[in-house]
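This report concerns only the one structure given below.
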There are 2 protein chains.
Amino acid sequence: MNRSLIKTSSTTSPSAPYPMPFVRVELAVLSIVDGSLAVLLGRRAQAPYVGQWALPGGVLRIDLDDDLNAAAQRIARERLGTTVPFLRQLTAVGSRHRDPRAPWALSIAYRAMVPFESLTPAAGKRLEALAWRAADEAACDGALAFDHPALIMNAINATRREVDELLLPFEFLPEHFTLGELQVCCEAMLGRRLDKSSFRRRLDDRKVVEAIPGEMKTGAFRPAQLFRKSQ
Amino acid sequence: MNRSLIKTSSTTSPSAPYPMPFVRVELAVLSIVDGSLAVLLGRRAQAPYVGQWALPGGVLRIDLDDDLNAAAQRIARERLGTTVPFLRQLTAVGSRHRDPRAPWALSIAYRAMVPFESLTPAAGKRLEALAWRAADEAACDGALAFDHPALIMNAINATRREVDELLLPFEFLPEHFTLGELQVCCEAMLGRRLDKSSFRRRLDDRKVVEAIPGEMKTGAFRPAQLFRKSQ
DNA sequence: TCAAAAGTGTTTGGGTTACACCCATGG
DNA sequence: CCATGGGTGTAACCCAAACACTTTTGA
């Protein structure tokens with residue numbers, strides 16, 4: 001299966017078309033599974049790398065996609081059956097021989113973050129299976145297809161940096177949440193414990209959340225104030 | 001001049017080629033001119049946006065470029081006649097109707113930093129002229145072609161963030177330099193003054209530079225220790 | 001009354017800013 | 001001897017880590 005899937009005919013006149021690379025979008029979909037950061041992998045049903053695990057992704061369709069973000073969302077719908085919030089472009093990687101389907105392949109990598117329960121376990125097109133995998137592990141796993149371990153590492157670093165700066169994935173949480181829940185979520189993403197007191201001071205210095213007057217969450221123990229994203 | 005420059009023929013079989021976008025690389029080349037950050041702009045000699053100023057850039061050539069970085073360097077050679085150090089990928093932007101030459105255009109934007117004297121003032125292919133322009137200004141100038149003001153803003157922010165973190169463009173400086181020269185350079189990039197004492201403390205806490213024993217720069221006043229990049 | 005989680009206050013320390021001050025040299 | 005830039009020291013301050021403590025509930 002080494003046949004080129006994209007046009008590569010050579011050009012003649014100076015203003016004639018140059019052959020363009022094979023352009024794809026790859027998704028590093030993160031979530032919190034069992035209290036730590038996980039990445040969604042698909043087992044490939046087609047060549048190349050049949051049977052191996054890889055990030056879900058798809059070909060950019062200039063007939064369907066208005067822009068790169070739209071392409072990422074379409075591919076998420078097709079492959080995962082869900083929309084993906086907290087979307088962020090990570091990087092573009094492109095070179096000769098990256099992908100045996102084409103002489104030159106360019107991928108735009110995106111990071112997203114979804115509640116893992118929101119995923120239909122049914123795999124979409126071209127995938128045998130979907131599975132969550134510990135993110136730190138996957139980032140170092142040489143058995144993954146293409147250069148995807150590096151992309152996963154990139155997604156982890158970008159995400160941890162955002163959390164450090166309190167740019168938090170509120171779409172990932174319920175609309176109303178307690179500060180405890182928020183802290184547990186951040187700790188899972190960072191892979192380390194946070195101090196309750198300084199975490200809260202930072203939150204209200206920068207006004208990233210606001211208390212919802214009257215709303216409390218009652219449970220087994222002392223009731224907790226509910227918060228929502230500011231503005 | 002609305003004729004498509006790239007192949008857009010539709011596909012038939014499911015595994016047949018999809019039409020691919022028009023892929024370019026744009027360069028935000030920065031330098032320090034008159035003590036403040038400047039960006040290199042070219043006046044376009046061809047449609048679209050003839051006569052308007054834009055970032056230098058060029059089409060990705062999968063027959064010539066081994067990877068994206070190589071493409072950026074080739075385009076720098078062709079357009080500017082020089083190699084570009086401190087190269088960093090900024091972002092990919094792509095959408096329908098971004099560029100009248102094609103129905104769907106994708107650009108990978110790169111930032112570089114060169115000593116401005118190293119540029120041959122002769123403009124390369126497809127450019128009428130090359131000129132340095134205050135970066136902060138250009139980032140807000142609606143008269144620039146395409147979405148280039150946003151790319152310039154992106155380049156400025158990425159660069160200032162790197163300098164804040166003491167990831168410094170040593171290729172931009174002479175191999176041996178005084179701490180005063182280094183500080184002036186950083187101040188120009190940041191667009192604000194730095195405190196000499198804390199700047200130096202930060203430098204040697206993180207061991208980013210090392211003194212060259214015996215080497216001193218003598219001038220009008222007290223001689224200064226020369227330094228080089230660490231490692 | 002105890003466990004568990006909510007919520008608050010206080011101390012400490014690292015790192016940066018701001019600023020004052022000496023040093024060495026050519027003119 | 002002074003203007004100028006090189007180089008050093010110190011106090012103030014900001015922020016966050018660490019940790020101790022009180023509060024409130026269901027069981």
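Quick note on naming: the chains in the structure tokens go A, B, ... in the order shown, residues restart at 1 in each chain, and ligands are numbered from 1 in order of appearance.
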For a quick test of understanding: name the residues of chain C lying within 12 Å of chain A when counting only C-alpha atoms (C1' of nucleotides), and present them as a ChimeraX atom specification. /C:3-10
Please provide as a ChimeraX atom specification all residues within 12 Å of DA11 in chain D, with the sequence filter that same-chain residues fewer than 2 positions apart are discarded (counting only C-alpha atoms (C1' of nucleotides)). /C:17-20 /D:9,13
Using only C-alpha atoms, determine which residues of chain B fall within 7 Å of chain A; present them as a ChimeraX atom specification. /B:5-7,16-23,61-62,66-68,91-92,94-96,104
Do you know which residues are at most 12 Å from Arg192 in chain B counting only C-alpha atoms (C1' of nucleotides), after dropping those on the same chain fewer than 2 positions away, and could you put them as a JSON list (two decimals) with N, CA and C atoms, in the first residue's frame?
[["chain", "number", "residue", "atom", "x", "y", "z"],
["B", 35, "GLY", "N", 17.10, 50.40, 18.20],
["B", 35, "GLY", "CA", 16.81, 50.10, 19.58],
["B", 35, "GLY", "C", 15.44, 49.55, 19.87],
["B", 36, "SER", "N", 14.66, 49.24, 18.83],
["B", 36, "SER", "CA", 13.42, 48.56, 19.17],
["B", 36, "SER", "C", 13.06, 47.50, 18.14],
["B", 37, "LEU", "N", 12.14, 46.66, 18.53],
["B", 37, "LEU", "CA", 11.83, 45.47, 17.75],
["B", 37, "LEU", "C", 11.19, 45.86, 16.43],
["B", 160, "ARG", "N", 8.76, 37.77, 23.05],
["B", 160, "ARG", "CA", 8.88, 38.40, 24.37],
["B", 160, "ARG", "C", 8.79, 37.36, 25.47],
["B", 163, "VAL", "N", 12.15, 35.69, 25.75],
["B", 163, "VAL", "CA", 13.14, 36.53, 26.42],
["B", 163, "VAL", "C", 12.85, 36.57, 27.91],
["B", 164, "ASP", "N", 11.59, 36.66, 28.29],
["B", 164, "ASP", "CA", 11.23, 36.62, 29.71],
["B", 164, "ASP", "C", 11.78, 35.38, 30.38],
["B", 183, "GLN", "N", 21.97, 42.99, 27.83],
["B", 183, "GLN", "CA", 20.80, 43.61, 28.45],
["B", 183, "GLN", "C", 20.11, 44.58, 27.50],
["B", 184, "VAL", "N", 20.91, 45.38, 26.80],
["B", 184, "VAL", "CA", 20.32, 46.32, 25.85],
["B", 184, "VAL", "C", 19.52, 45.58, 24.78],
["B", 185, "CYS", "N", 20.05, 44.46, 24.34],
["B", 185, "CYS", "CA", 19.36, 43.65, 23.33],
["B", 185, "CYS", "C", 18.02, 43.14, 23.85],
["B", 186, "CYS", "N", 18.03, 42.62, 25.07],
["B", 186, "CYS", "CA", 16.78, 42.11, 25.66],
["B", 186, "CYS", "C", 15.78, 43.23, 25.86],
["B", 187, "GLU", "N", 16.28, 44.39, 26.31],
["B", 187, "GLU", "CA", 15.37, 45.52, 26.52],
["B", 187, "GLU", "C", 14.69, 45.95, 25.23],
["B", 188, "ALA", "N", 15.47, 45.92, 24.15],
["B", 188, "ALA", "CA", 14.89, 46.29, 22.86],
["B", 188, "ALA", "C", 13.80, 45.29, 22.46],
["B", 189, "MET", "N", 14.06, 44.01, 22.72],
["B", 189, "MET", "CA", 13.06, 43.02, 22.33],
["B", 189, "MET", "C", 11.81, 43.12, 23.17],
["B", 190, "LEU", "N", 12.00, 43.39, 24.45],
["B", 190, "LEU", "CA", 10.84, 43.46, 25.34],
["B", 190, "LEU", "C", 10.10, 44.78, 25.22],
["B", 194, "LEU", "N", 15.05, 46.95, 31.92],
["B", 194, "LEU", "CA", 15.26, 45.89, 32.90],
["B", 194, "LEU", "C", 16.18, 46.42, 33.99],
["B", 195, "ASP", "N", 16.05, 45.83, 35.16],
["B", 195, "ASP", "CA", 16.96, 46.20, 36.25],
["B", 195, "ASP", "C", 18.25, 45.41, 36.08]]
Mind checking DSSP for range 33-123 of chain B and telling me the alpha helix (DSSP H) residues as a PyMOL selection string? chain B and resi 68-80
Please identify every residue of chain D that has at least one atom no more than 8 Å from any atom of chain B, counting only C-alpha atoms (C1' of nucleotides), and report them as a ChimeraX atom specification. /D:4-6
Next, dump the selected residues to file, keeping only N, CA and C atoms (P, O5', C5', C4', C3', O3' and C1' of nucleotides), as a PDB file, in the first residue's frame.
ATOM      1  P    DT D   4      28.041  61.804  30.671  1.00  0.00           P
ATOM      2  O5'  DT D   4      28.461  60.265  30.615  1.00  0.00           O
ATOM      3  C5'  DT D   4      29.499  59.838  29.749  1.00  0.00           C
ATOM      4  C4'  DT D   4      29.820  58.402  30.013  1.00  0.00           C
ATOM      5  C3'  DT D   4      28.592  57.515  30.202  1.00  0.00           C
ATOM      6  O3'  DT D   4      28.607  56.506  29.218  1.00  0.00           O
ATOM      7  C1'  DT D   4      30.249  57.053  31.824  1.00  0.00           C
ATOM      8  P    DG D   5      27.199  55.790  28.747  1.00  0.00           P
ATOM      9  O5'  DG D   5      27.425  54.299  29.235  1.00  0.00           O
ATOM     10  C5'  DG D   5      28.410  53.515  28.572  1.00  0.00           C
ATOM     11  C4'  DG D   5      29.073  52.624  29.574  1.00  0.00           C
ATOM     12  C3'  DG D   5      28.193  51.451  30.065  1.00  0.00           C
ATOM     13  O3'  DG D   5      28.880  50.238  29.833  1.00  0.00           O
ATOM     14  C1'  DG D   5      29.269  52.533  31.861  1.00  0.00           C
ATOM     15  P    DG D   6      28.346  48.831  30.342  1.00  0.00           P
ATOM     16  O5'  DG D   6      29.383  48.523  31.512  1.00  0.00           O
ATOM     17  C5'  DG D   6      30.741  48.281  31.180  1.00  0.00           C
ATOM     18  C4'  DG D   6      31.483  47.750  32.391  1.00  0.00           C
ATOM     19  C3'  DG D   6      30.909  46.454  32.968  1.00  0.00           C
ATOM     20  O3'  DG D   6      31.986  45.639  33.411  1.00  0.00           O
ATOM     21  C1'  DG D   6      30.771  48.163  34.596  1.00  0.00           C
TER      22       DG D   6
END
Contacts of Ala54 in chain B at 9 Å (only C-alpha atoms (C1' of nucleotides); same-chain gap of 6+ positions) as a PDB file with N, CA and C atoms, in the first residue's frame:
ATOM      1  N   LEU B  40      10.343  42.509   9.328  1.00  0.00           N
ATOM      2  CA  LEU B  40      10.689  42.707   7.930  1.00  0.00           C
ATOM      3  C   LEU B  40       9.462  42.500   7.054  1.00  0.00           C
ATOM      4  N   LEU B  41       9.151  43.507   6.249  1.00  0.00           N
ATOM      5  CA  LEU B  41       8.003  43.398   5.356  1.00  0.00           C
ATOM      6  C   LEU B  41       8.454  43.539   3.909  1.00  0.00           C
ATOM      7  N   GLY B  42       7.727  42.913   3.033  1.00  0.00           N
ATOM      8  CA  GLY B  42       8.014  43.046   1.611  1.00  0.00           C
ATOM      9  C   GLY B  42       6.814  43.640   0.894  1.00  0.00           C
ATOM     10  N   ARG B  43       7.091  44.469  -0.107  1.00  0.00           N
ATOM     11  CA  ARG B  43       5.980  44.985  -0.909  1.00  0.00           C
ATOM     12  C   ARG B  43       5.703  44.006  -2.036  1.00  0.00           C
ATOM     13  N   ARG B  44       4.491  43.576  -2.150  1.00  0.00           N
ATOM     14  CA  ARG B  44       4.158  42.516  -3.096  1.00  0.00           C
ATOM     15  C   ARG B  44       4.183  43.026  -4.532  1.00  0.00           C
ATOM     16  N   LEU B 144      -1.970  45.849   6.064  1.00  0.00           N
ATOM     17  CA  LEU B 144      -1.127  44.733   5.631  1.00  0.00           C
ATOM     18  C   LEU B 144      -1.977  43.664   4.953  1.00  0.00           C
ATOM     19  N   ALA B 145      -1.333  42.923   4.057  1.00  0.00           N
ATOM     20  CA  ALA B 145      -2.044  41.897   3.293  1.00  0.00           C
ATOM     21  C   ALA B 145      -2.412  40.706   4.167  1.00  0.00           C
ATOM     22  N   PHE B 146      -3.402  39.954   3.731  1.00  0.00           N
ATOM     23  CA  PHE B 146      -3.831  38.708   4.379  1.00  0.00           C
ATOM     24  C   PHE B 146      -4.121  38.935   5.870  1.00  0.00           C
ATOM     25  N   HIS B 148      -1.778  38.934   8.089  1.00  0.00           N
ATOM     26  CA  HIS B 148      -0.421  39.071   8.588  1.00  0.00           C
ATOM     27  C   HIS B 148      -0.282  39.901   9.854  1.00  0.00           C
ATOM     28  N   PRO B 149      -1.111  40.921  10.099  1.00  0.00           N
ATOM     29  CA  PRO B 149      -0.973  41.606  11.386  1.00  0.00           C
ATOM     30  C   PRO B 149      -1.118  40.648  12.563  1.00  0.00           C
TER      31      PRO B 149
END
To one decimal place in Å, what is the distance between CA of Val29 in chain A and CA of Arg111 in chain A?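 CA of Val29 in chain A sits 5.8 Å away from CA of Arg111 in chain A.
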Give me, as a PyMOL selection string, all polymer residues having an atom no more than 10 Å from Asp136 in chain B, counting only C-alpha atoms (C1' of nucleotides) and skipping those fewer than 5 positions away in the same chain. chain B and resi 36-39+141+149+152-153+156+191
I need the residues from that last selection saved to file as a PDB file, in the first residue's frame (with N, CA and C atoms), if you can.
ATOM      1  N   SER B  36      14.665  49.237  18.833  1.00  0.00           N
ATOM      2  CA  SER B  36      13.415  48.560  19.168  1.00  0.00           C
ATOM      3  C   SER B  36      13.056  47.500  18.141  1.00  0.00           C
ATOM      4  N   LEU B  37      12.144  46.661  18.528  1.00  0.00           N
ATOM      5  CA  LEU B  37      11.833  45.467  17.749  1.00  0.00           C
ATOM      6  C   LEU B  37      11.195  45.862  16.426  1.00  0.00           C
ATOM      7  N   ALA B  38      11.701  45.256  15.342  1.00  0.00           N
ATOM      8  CA  ALA B  38      11.177  45.565  14.022  1.00  0.00           C
ATOM      9  C   ALA B  38      10.909  44.276  13.267  1.00  0.00           C
ATOM     10  N   VAL B  39      10.005  44.354  12.332  1.00  0.00           N
ATOM     11  CA  VAL B  39       9.664  43.181  11.533  1.00  0.00           C
ATOM     12  C   VAL B  39       9.925  43.519  10.071  1.00  0.00           C
ATOM     13  N   ASP B 141      -1.596  47.144  12.022  1.00  0.00           N
ATOM     14  CA  ASP B 141      -1.834  47.866  10.783  1.00  0.00           C
ATOM     15  C   ASP B 141      -2.778  47.074   9.880  1.00  0.00           C
ATOM     16  N   PRO B 149      -1.111  40.921  10.099  1.00  0.00           N
ATOM     17  CA  PRO B 149      -0.973  41.606  11.386  1.00  0.00           C
ATOM     18  C   PRO B 149      -1.118  40.648  12.563  1.00  0.00           C
ATOM     19  N   ILE B 152       2.051  38.719  13.004  1.00  0.00           N
ATOM     20  CA  ILE B 152       3.117  39.535  13.586  1.00  0.00           C
ATOM     21  C   ILE B 152       2.922  39.663  15.089  1.00  0.00           C
ATOM     22  N   MET B 153       1.695  39.908  15.504  1.00  0.00           N
ATOM     23  CA  MET B 153       1.404  39.972  16.941  1.00  0.00           C
ATOM     24  C   MET B 153       1.820  38.676  17.625  1.00  0.00           C
ATOM     25  N   ILE B 156       5.584  38.586  17.995  1.00  0.00           N
ATOM     26  CA  ILE B 156       6.049  39.465  19.069  1.00  0.00           C
ATOM     27  C   ILE B 156       5.820  38.806  20.423  1.00  0.00           C
ATOM     28  N   GLY B 191      10.816  45.809  24.775  1.00  0.00           N
ATOM     29  CA  GLY B 191      10.192  47.122  24.739  1.00  0.00           C
ATOM     30  C   GLY B 191      10.061  47.750  26.104  1.00  0.00           C
TER      31      GLY B 191
END
